[in-house]
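Quick look at upload.csv (CSV, C-alpha atoms and all ligand atoms):
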chain,number,residue,atom,x,y,z
T,1019,MET,CA,-29.5,14.7,5.8
T,1020,VAL,CA,-25.9,13.3,5.6
T,1021,LYS,CA,-24.2,15.1,2.8
T,1022,LEU,CA,-21.8,13.4,0.3
T,1023,ASP,CA,-18.3,14.5,1.1
T,1024,ILE,CA,-15.9,15.4,-1.7
T,1025,VAL,CA,-12.6,16.0,-0.2
T,1026,GLY,CA,-9.4,17.5,-1.8
T,1027,THR,CA,-6.3,15.5,-1.0
T,1028,GLY,CA,-3.6,17.9,-2.3
T,1029,PRO,CA,-1.0,17.3,-5.1
T,1030,GLY,CA,0.5,14.1,-3.8
T,1031,SER,CA,2.6,14.4,-0.7
T,1032,VAL,CA,1.2,13.5,2.7
T,1033,ASP,CA,2.6,16.9,3.9
T,1034,TYR,CA,-0.1,18.6,1.8
T,1035,VAL,CA,-3.1,16.7,3.2
T,1036,MET,CA,-5.2,19.1,5.3
T,1037,PRO,CA,-6.0,18.0,8.9
T,1038,LEU,CA,-9.7,18.5,8.1
T,1039,ALA,CA,-9.5,16.0,5.2
T,1040,ARG,CA,-8.0,13.4,7.6
T,1041,LYS,CA,-10.8,14.1,10.1
T,1042,ILE,CA,-13.6,13.6,7.5
T,1043,VAL,CA,-12.0,10.5,6.2
T,1044,SER,CA,-11.5,9.0,9.7
T,1045,ASP,CA,-15.3,9.5,10.4
T,1046,ALA,CA,-16.4,8.0,7.1
T,1047,GLN,CA,-18.1,4.7,6.4
T,1048,ILE,CA,-17.2,4.5,2.7
T,1049,VAL,CA,-14.1,6.1,1.1
T,1050,ILE,CA,-13.7,6.1,-2.7
T,1051,GLY,CA,-10.7,7.5,-4.5
T,1052,ALA,CA,-7.8,6.9,-6.9
T,1053,GLN,CA,-5.2,4.7,-5.5
T,1054,ARG,CA,-2.8,7.6,-5.0
T,1055,SER,CA,-5.4,9.4,-2.9
T,1056,LEU,CA,-6.3,6.4,-0.8
T,1057,ASP,CA,-2.6,5.8,-0.1
T,1058,LEU,CA,-2.4,9.2,1.6
T,1059,PHE,CA,-4.8,8.0,4.3
T,1060,ASN,CA,-3.6,4.5,5.1
T,1061,LYS,CA,-4.0,4.7,8.8
T,1062,ASP,CA,-7.1,6.9,8.8
T,1063,ILE,CA,-9.4,4.7,6.8
T,1064,PRO,CA,-11.2,2.3,9.2
T,1065,CYS,CA,-14.0,1.4,6.7
T,1066,GLU,CA,-14.9,0.2,3.2
T,1067,THR,CA,-12.6,1.6,0.5
T,1068,TYR,CA,-12.9,1.5,-3.2
T,1069,VAL,CA,-10.3,2.3,-5.8
T,1070,LEU,CA,-11.7,4.6,-8.4
T,1071,THR,CA,-10.5,4.1,-12.0
T,1072,ALA,CA,-11.6,5.4,-15.4
T,1073,LYS,CA,-13.4,2.1,-15.9
T,1074,ASN,CA,-15.5,1.9,-12.7
T,1075,LEU,CA,-16.0,5.6,-12.3
T,1076,ASN,CA,-19.8,5.7,-13.2
T,1077,GLU,CA,-20.5,2.6,-11.3
T,1078,LEU,CA,-18.7,3.7,-8.1
T,1079,LEU,CA,-20.2,7.2,-8.2
T,1080,LYS,CA,-23.7,5.7,-8.4
T,1081,TYR,CA,-22.8,3.5,-5.5
T,1082,ALA,CA,-21.5,6.5,-3.6
T,1083,VAL,CA,-24.8,8.5,-4.1
T,1084,GLU,CA,-27.0,5.5,-3.3
T,1085,SER,CA,-25.1,4.7,-0.1
T,1086,ASN,CA,-25.2,8.4,0.9
T,1087,ARG,CA,-29.0,8.4,0.3
T,1088,LYS,CA,-29.2,5.5,2.7
T,1089,GLY,CA,-27.6,7.6,5.4
T,1090,LYS,CA,-24.0,6.4,5.1
T,1091,ALA,CA,-21.0,8.8,5.6
T,1092,VAL,CA,-19.5,8.6,2.1
T,1093,VAL,CA,-16.3,10.3,1.1
T,1094,ILE,CA,-15.0,10.8,-2.5
T,1095,LEU,CA,-11.4,11.8,-2.5
T,1096,SER,CA,-10.3,14.1,-5.3
T,1097,THR,CA,-6.6,14.9,-5.9
T,1098,GLY,CA,-5.6,18.6,-5.5
T,1099,ASP,CA,-8.7,20.7,-5.1
T,1100,PRO,CA,-12.0,19.1,-6.1
T,1101,GLY,CA,-13.1,22.3,-7.8
T,1102,PHE,CA,-10.2,22.6,-10.3
T,1103,SER,CA,-10.2,19.8,-12.9
T,1104,GLY,CA,-11.4,17.6,-10.0
T,1105,LEU,CA,-14.2,15.3,-9.1
T,1106,LEU,CA,-16.7,17.9,-8.1
T,1107,LYS,CA,-17.7,18.6,-11.8
T,1108,THR,CA,-17.7,14.8,-12.6
T,1109,VAL,CA,-20.0,14.0,-9.7
T,1110,LEU,CA,-22.4,16.9,-10.6
T,1111,ASN,CA,-22.3,15.9,-14.3
T,1112,THR,CA,-23.7,12.4,-13.3
T,1113,ARG,CA,-27.0,14.3,-12.5
T,1114,LEU,CA,-27.5,11.7,-9.7
T,1115,ILE,CA,-27.0,14.4,-7.0
T,1116,THR,CA,-27.3,18.1,-6.6
T,1117,LEU,CA,-24.8,20.6,-5.0
T,1118,SER,CA,-27.1,21.0,-2.0
T,1119,GLU,CA,-26.5,17.4,-1.1
T,1120,ILE,CA,-22.7,17.7,-1.3
T,1121,ASN,CA,-20.1,19.0,1.1
T,1122,VAL,CA,-16.9,20.1,-0.6
T,1123,THR,CA,-13.7,20.2,1.4
T,1124,PRO,CA,-10.9,22.1,-0.4
T,1125,GLY,CA,-7.5,20.7,-1.0
T,1126,ILE,CA,-4.3,22.4,-2.1
T,1127,SER,CA,-4.2,22.4,-5.8
T,1128,VAL,CA,-1.1,21.5,-7.8
T,1129,ILE,CA,-1.6,24.9,-9.4
T,1130,GLN,CA,-1.1,26.7,-6.0
T,1131,VAL,CA,2.0,24.7,-5.2
T,1132,CYS,CA,3.5,25.4,-8.7
T,1133,ALA,CA,2.9,29.1,-8.3
T,1134,ALA,CA,4.5,29.0,-4.8
T,1135,LYS,CA,7.5,27.1,-6.0
T,1136,LEU,CA,8.0,29.5,-9.0
T,1137,GLY,CA,7.4,32.6,-6.8
T,1138,LEU,CA,4.6,33.5,-9.2
T,1139,SER,CA,1.8,35.8,-8.2
T,1140,TRP,CA,-1.1,34.1,-9.9
T,1141,ASP,CA,-4.0,36.5,-9.4
T,1142,ASP,CA,-3.7,37.7,-13.0
T,1143,ALA,CA,-2.7,34.3,-14.5
T,1144,CYS,CA,-5.1,32.4,-16.8
T,1145,LEU,CA,-5.8,28.8,-15.7
T,1146,PHE,CA,-6.6,26.0,-18.1
T,1147,THR,CA,-7.2,22.3,-17.8
T,1148,PHE,CA,-6.8,20.3,-21.0
T,1149,HIS,CA,-6.9,17.2,-18.9
T,1150,GLN,CA,-8.7,14.1,-20.4
T,1151,GLY,CA,-9.9,15.4,-23.7
T,1152,ASN,CA,-10.7,19.0,-22.6
T,1153,ALA,CA,-8.6,20.6,-25.4
T,1154,ASP,CA,-11.4,21.9,-27.6
T,1155,VAL,CA,-11.0,24.7,-30.1
T,1156,LEU,CA,-12.6,27.3,-27.9
T,1157,LYS,CA,-10.2,26.7,-25.1
T,1158,LYS,CA,-7.2,26.7,-27.4
T,1159,THR,CA,-8.4,30.0,-28.8
T,1160,GLU,CA,-8.8,31.3,-25.2
T,1161,LEU,CA,-5.2,30.2,-24.5
T,1162,ILE,CA,-3.9,32.3,-27.4
T,1163,ALA,CA,-6.1,35.3,-26.4
T,1164,CYS,CA,-4.7,35.2,-22.8
T,1165,LEU,CA,-1.1,35.1,-24.0
T,1166,LYS,CA,-1.7,38.0,-26.4
T,1167,ALA,CA,-3.2,39.9,-23.5
T,1168,GLY,CA,0.1,39.5,-21.7
T,1169,LYS,CA,-1.2,37.0,-19.0
T,1170,ASP,CA,0.9,34.2,-17.6
T,1171,ILE,CA,-0.6,30.7,-18.2
T,1172,MET,CA,-0.8,27.8,-15.8
T,1173,LEU,CA,-2.2,24.7,-17.4
T,1174,LEU,CA,-2.8,21.0,-16.9
T,1175,PRO,CA,-1.9,19.3,-20.2
T,1176,ASP,CA,-3.6,16.2,-21.6
T,1177,ALA,CA,-0.8,13.6,-21.7
T,1178,LYS,CA,-2.4,11.9,-24.7
T,1179,ALA,CA,-4.0,14.6,-26.9
T,1180,PHE,CA,-2.4,17.9,-25.9
T,1181,ALA,CA,0.9,17.2,-24.1
T,1182,PRO,CA,3.4,20.1,-23.5
T,1183,LYS,CA,5.1,19.2,-26.7
T,1184,GLN,CA,1.9,19.6,-28.7
T,1185,ILE,CA,0.9,22.8,-26.8
T,1186,ALA,CA,4.3,24.4,-27.6
T,1187,ALA,CA,4.0,23.4,-31.2
T,1188,TYR,CA,0.5,24.8,-31.4
T,1189,LEU,CA,1.7,28.2,-29.9
T,1190,LEU,CA,4.7,28.3,-32.2
T,1191,ASP,CA,2.3,27.8,-35.2
T,1192,ALA,CA,0.2,30.6,-33.8
T,1193,GLY,CA,3.3,32.9,-34.1
T,1194,PHE,CA,4.6,33.1,-30.5
T,1195,SER,CA,8.3,33.3,-30.0
T,1196,SER,CA,10.3,30.2,-29.5
T,1197,ASP,CA,12.2,32.0,-26.7
T,1198,MET,CA,9.1,32.4,-24.6
T,1199,VAL,CA,9.8,31.1,-21.1
T,1200,VAL,CA,8.1,27.9,-20.1
T,1201,PHE,CA,8.3,26.0,-16.8
T,1202,ILE,CA,7.4,22.3,-16.7
T,1203,CYS,CA,6.6,21.1,-13.2
T,1204,GLU,CA,6.6,17.3,-12.9
T,1205,ASN,CA,5.5,15.2,-9.9
T,1206,VAL,CA,5.1,18.2,-7.8
T,1207,THR,CA,5.6,17.5,-4.0
T,1208,LEU,CA,6.6,13.9,-4.7
T,1209,SER,CA,10.1,12.5,-4.2
T,1210,ASP,CA,10.8,12.7,-7.9
T,1211,GLU,CA,9.6,16.3,-8.3
T,1212,ARG,CA,11.3,18.1,-11.2
T,1213,ILE,CA,10.9,21.7,-12.2
T,1214,VAL,CA,12.4,22.6,-15.5
T,1215,LYS,CA,12.9,26.1,-16.9
T,1216,SER,CA,12.8,25.9,-20.7
T,1217,SER,CA,11.5,27.7,-23.8
T,1218,LEU,CA,8.6,27.2,-26.1
T,1219,GLY,CA,11.0,26.1,-28.8
T,1220,SER,CA,12.7,23.4,-26.6
T,1221,VAL,CA,9.5,22.1,-25.1
T,1222,SER,CA,8.1,21.5,-28.6
T,1223,VAL,CA,10.6,18.7,-29.0
T,1224,LEU,CA,10.7,17.3,-25.5
T,1225,GLU,CA,8.7,14.6,-23.7
T,1226,PHE,CA,7.4,14.9,-20.1
T,1227,GLY,CA,5.6,12.7,-17.6
T,1228,THR,CA,1.9,12.5,-17.3
T,1229,LEU,CA,1.8,14.3,-13.9
T,1230,CYS,CA,2.8,17.7,-15.0
T,1231,VAL,CA,1.9,21.4,-15.0
T,1232,MET,CA,3.0,23.8,-17.8
T,1233,VAL,CA,3.5,27.4,-16.9
T,1234,ILE,CA,4.0,29.8,-19.8
T,1235,LYS,CA,5.4,33.3,-18.9
T,1236,ALA,CA,3.9,36.0,-21.1
T,1237,LYS,CA,6.5,38.4,-19.8
T,1238,CYS,CA,9.8,37.5,-18.0
T,1239,ASN,CA,9.3,40.1,-15.2
T,1240,SER,CA,8.3,38.1,-12.2
T,1241,GLY,CA,8.8,34.7,-10.6
T,1242,ASN,CA,12.0,32.6,-10.7
T,1243,VAL,CA,13.0,33.8,-14.2
H,1301,LIG,C1,-7.6,15.4,-12.8
H,1301,LIG,S1,-6.4,16.7,-12.7
H,1301,LIG,C2,-6.4,17.0,-11.0
H,1301,LIG,C3,-6.0,18.4,-10.6
H,1301,LIG,C4,-6.3,18.7,-9.1
H,1301,LIG,N1,-7.7,18.7,-8.9
H,1301,LIG,C5,-5.7,19.9,-8.6
H,1301,LIG,O1,-6.4,20.9,-8.2
H,1301,LIG,O2,-4.4,19.9,-8.4
H,1301,LIG,C6,-4.9,15.8,-12.9
H,1301,LIG,C7,-3.8,16.6,-13.6
H,1301,LIG,O3,-3.3,17.5,-12.6
H,1301,LIG,C8,-1.9,17.6,-12.8
H,1301,LIG,N2,-1.3,17.1,-11.5
H,1301,LIG,C9,-1.9,16.6,-10.5
H,1301,LIG,N3,-1.0,16.3,-9.5
H,1301,LIG,C10,0.2,16.7,-9.9
H,1301,LIG,C11,1.5,16.7,-9.4
H,1301,LIG,N4,1.7,16.2,-8.2
H,1301,LIG,N5,2.5,17.2,-10.2
H,1301,LIG,C12,2.2,17.7,-11.4
H,1301,LIG,N6,1.0,17.7,-11.9
H,1301,LIG,C13,0.0,17.2,-11.2
H,1301,LIG,C14,-1.5,16.7,-14.0
H,1301,LIG,O4,-1.5,17.5,-15.1
H,1301,LIG,C15,-2.7,15.7,-14.0
H,1301,LIG,O5,-2.8,15.2,-15.3

Can the structure from this file be put into structure tokens for me?
Amino acid sequence: MVKLDIVGTGPGSVDYVMPLARKIVSDAQIVIGAQRSLDLFNKDIPCETYVLTAKNLNELLKYAVESNRKGKAVVILSTGDPGFSGLLKTVLNTRLITLSEINVTPGISVIQVCAAKLGLSWDDACLFTFHQGNADVLKKTELIACLKAGKDIMLLPDAKAFAPKQIAAYLLDAGFSSDMVVFICENVTLSDERIVKSSLGSVSVLEFGTLCVMVIKAKCNSGNV
């Protein structure tokens, strides 16, 4: 059985694409991914490619599974790591395919790169993704509980519904100090990368780009602070 490949492509720079990802893509017959993922493999893709968008997602995932069932080597590219706010869950949620038919190749998550750039040891940090409507009450409550427990937070905001500005306002409303240290890491690994050290109070009135990670320091005793 040929398994469906879901391959992590790293946070955006070609320097962070793993050699194994390139090998799998160069052996593929069909490659599907967001434009920014496909662009990382320009010379390595000798086959059919499809640009994945929010609109054609279901249709293309169905095509990927059907083609894979016919024996084709199909690769779905997922930015960062497929298992963190990535396409692994999306593909499994279609219920068209089971995990036993999938081969996941890890990629370097934007979370890992942010932690490295901030000199943050993240084994005790709490990770959240609020990406694309994932900001439900339960997760917001967990966010508060993690901060109260003294844990650092690394999170992917939702640019529309729960952007850094709204997250900061939510935490201020919950009683956290406006002096709390916050890092906003935008366009990580890209030519316009920007890492800003700020505070909860300042972030609550600032706008940031859609490609960003928010890091909230529970205590200012480690990392580049
Ligand atoms: C669908 S999630 C993908 C996360 C990915 N699976 C990972 O492990 O890095 C997309 C969100 O990740 C964050 N993101 C992805 N790439 C980024 C980058 N280069 N710089 C900053 N944030 C990024 C943004 O918050 C973006 O909205």

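Of the residues under consideration (T:Val1128, T:Ala1091, T:Val1233, T:Leu1208), T:Leu1208 shows the shortest atom-to-atom contact distance to Ser1031 in chain T when counting all atoms listed in the file.
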
Can you write out as CSV which residues of chain T fall within 6 Å of ligand LIG 1301 (chain H), alongside each residue's closest atom pair and its distance in Å to one decimal, counting all atoms listed in the file and ordering rows by chain and ascending residue number?
residue,atom,partner,partner_atom,distance
T:Pro1029,CA,H:LIG1301,N4,4.3
T:Gly1030,CA,H:LIG1301,N4,5.0
T:Thr1097,CA,H:LIG1301,N1,5.0
T:Gly1098,CA,H:LIG1301,C5,3.4
T:Asp1099,CA,H:LIG1301,O1,3.9
T:Pro1100,CA,H:LIG1301,N1,5.1
T:Phe1102,CA,H:LIG1301,O1,4.7
T:Ser1103,CA,H:LIG1301,N1,4.8
T:Gly1104,CA,H:LIG1301,N1,4.0
T:Ser1127,CA,H:LIG1301,O1,3.6
T:Val1128,CA,H:LIG1301,O2,3.7
T:Ile1129,CA,H:LIG1301,O2,5.8
T:His1149,CA,H:LIG1301,O5,5.8
T:Leu1174,CA,H:LIG1301,O4,4.1
T:Pro1175,CA,H:LIG1301,O4,5.4
T:Cys1203,CA,H:LIG1301,C12,5.8
T:Glu1204,CA,H:LIG1301,C12,4.7
T:Asn1205,CA,H:LIG1301,N5,3.6
T:Val1206,CA,H:LIG1301,N5,3.7
T:Thr1207,CA,H:LIG1301,N4,5.9
T:Thr1228,CA,H:LIG1301,O5,5.8
T:Leu1229,CA,H:LIG1301,N6,4.0
T:Cys1230,CA,H:LIG1301,N6,3.6
T:Val1231,CA,H:LIG1301,N6,4.9

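If you measure from each of T:Ile1234, T:Leu1161, T:Leu1110, T:Ile1120 to Leu1218 in chain T using all atoms listed in the file, the closest one turns out to be T:Ile1234.
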
- Task: For range 1081-1089 of chain T, please output as a ChimeraX atom specification all residues within 9 Å (counting all atoms listed in the file; exclusion window: fewer than 5 positions along the same chain).
- Result: /T:1019-1022,1048-1050,1076,1094,1114-1115

- List the neighbours of Lys1237 in chain T out to 12 Å using all atoms listed in the file; skip same-chain residues closer than 3 positions along the sequence, and give me the result as a PyMOL selection string. chain T and resi 1138+1143+1165-1171+1195+1197-1200+1233-1234+1240-1241+1243

- Show which residues sit within 10 Å of Glu1225 in chain T, as a ChimeraX atom specification. Count only C-alpha atoms, and ignore same-chain residues fewer than 3 positions away. /T:1177,1181-1184,1221-1222,1228

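For the set T:Pro1124, T:Gly1026, T:Gly1137, T:Pro1064, the residue with the smallest atom-to-atom gap to Ser1096 in chain T is T:Gly1026, counting all atoms listed in the file.
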
- Name the closest residue to Trp1140 in chain T among the candidates T:Val1155, T:Met1172, T:Ala1192, T:Ile1202; distances are taken between atoms, counting only C-alpha atoms. T:Met1172

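Closest approach to Lys1061 in chain T among T:Lys1041, T:Lys1215, T:Lys1080, T:Ala1179: T:Lys1041, based on all atoms listed in the file.
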
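Here CA of Leu1173 in chain T is placed at a distance of 16.7 Å from CA of Leu1190 in chain T.
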
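Pairwise distance (CA of Phe1201 in chain T, CA of Gly1125 in chain T) equals 23.0 Å.
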
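Going from CA of Ser1055 in chain T to CA of Tyr1068 in chain T covers 10.9 Å.
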
Could you write out as AutoDock Vina command-line options the box around range 1092-1109 of chain T (axis-aligned, all atoms listed in the file, 3 Å on each side), with centre and edge lengths in Å to one decimal?
--center_x -12.8 --center_y 15.6 --center_z -5.4 --size_x 20.4 --size_y 20.0 --size_z 21.0

- Message: For a quick check of understanding, using all atoms listed in the file, which of T:Phe1226, T:Leu1189, T:Val1035, T:Val1122 has the smallest distance to Ala1163 in chain T?
- Response: T:Leu1189
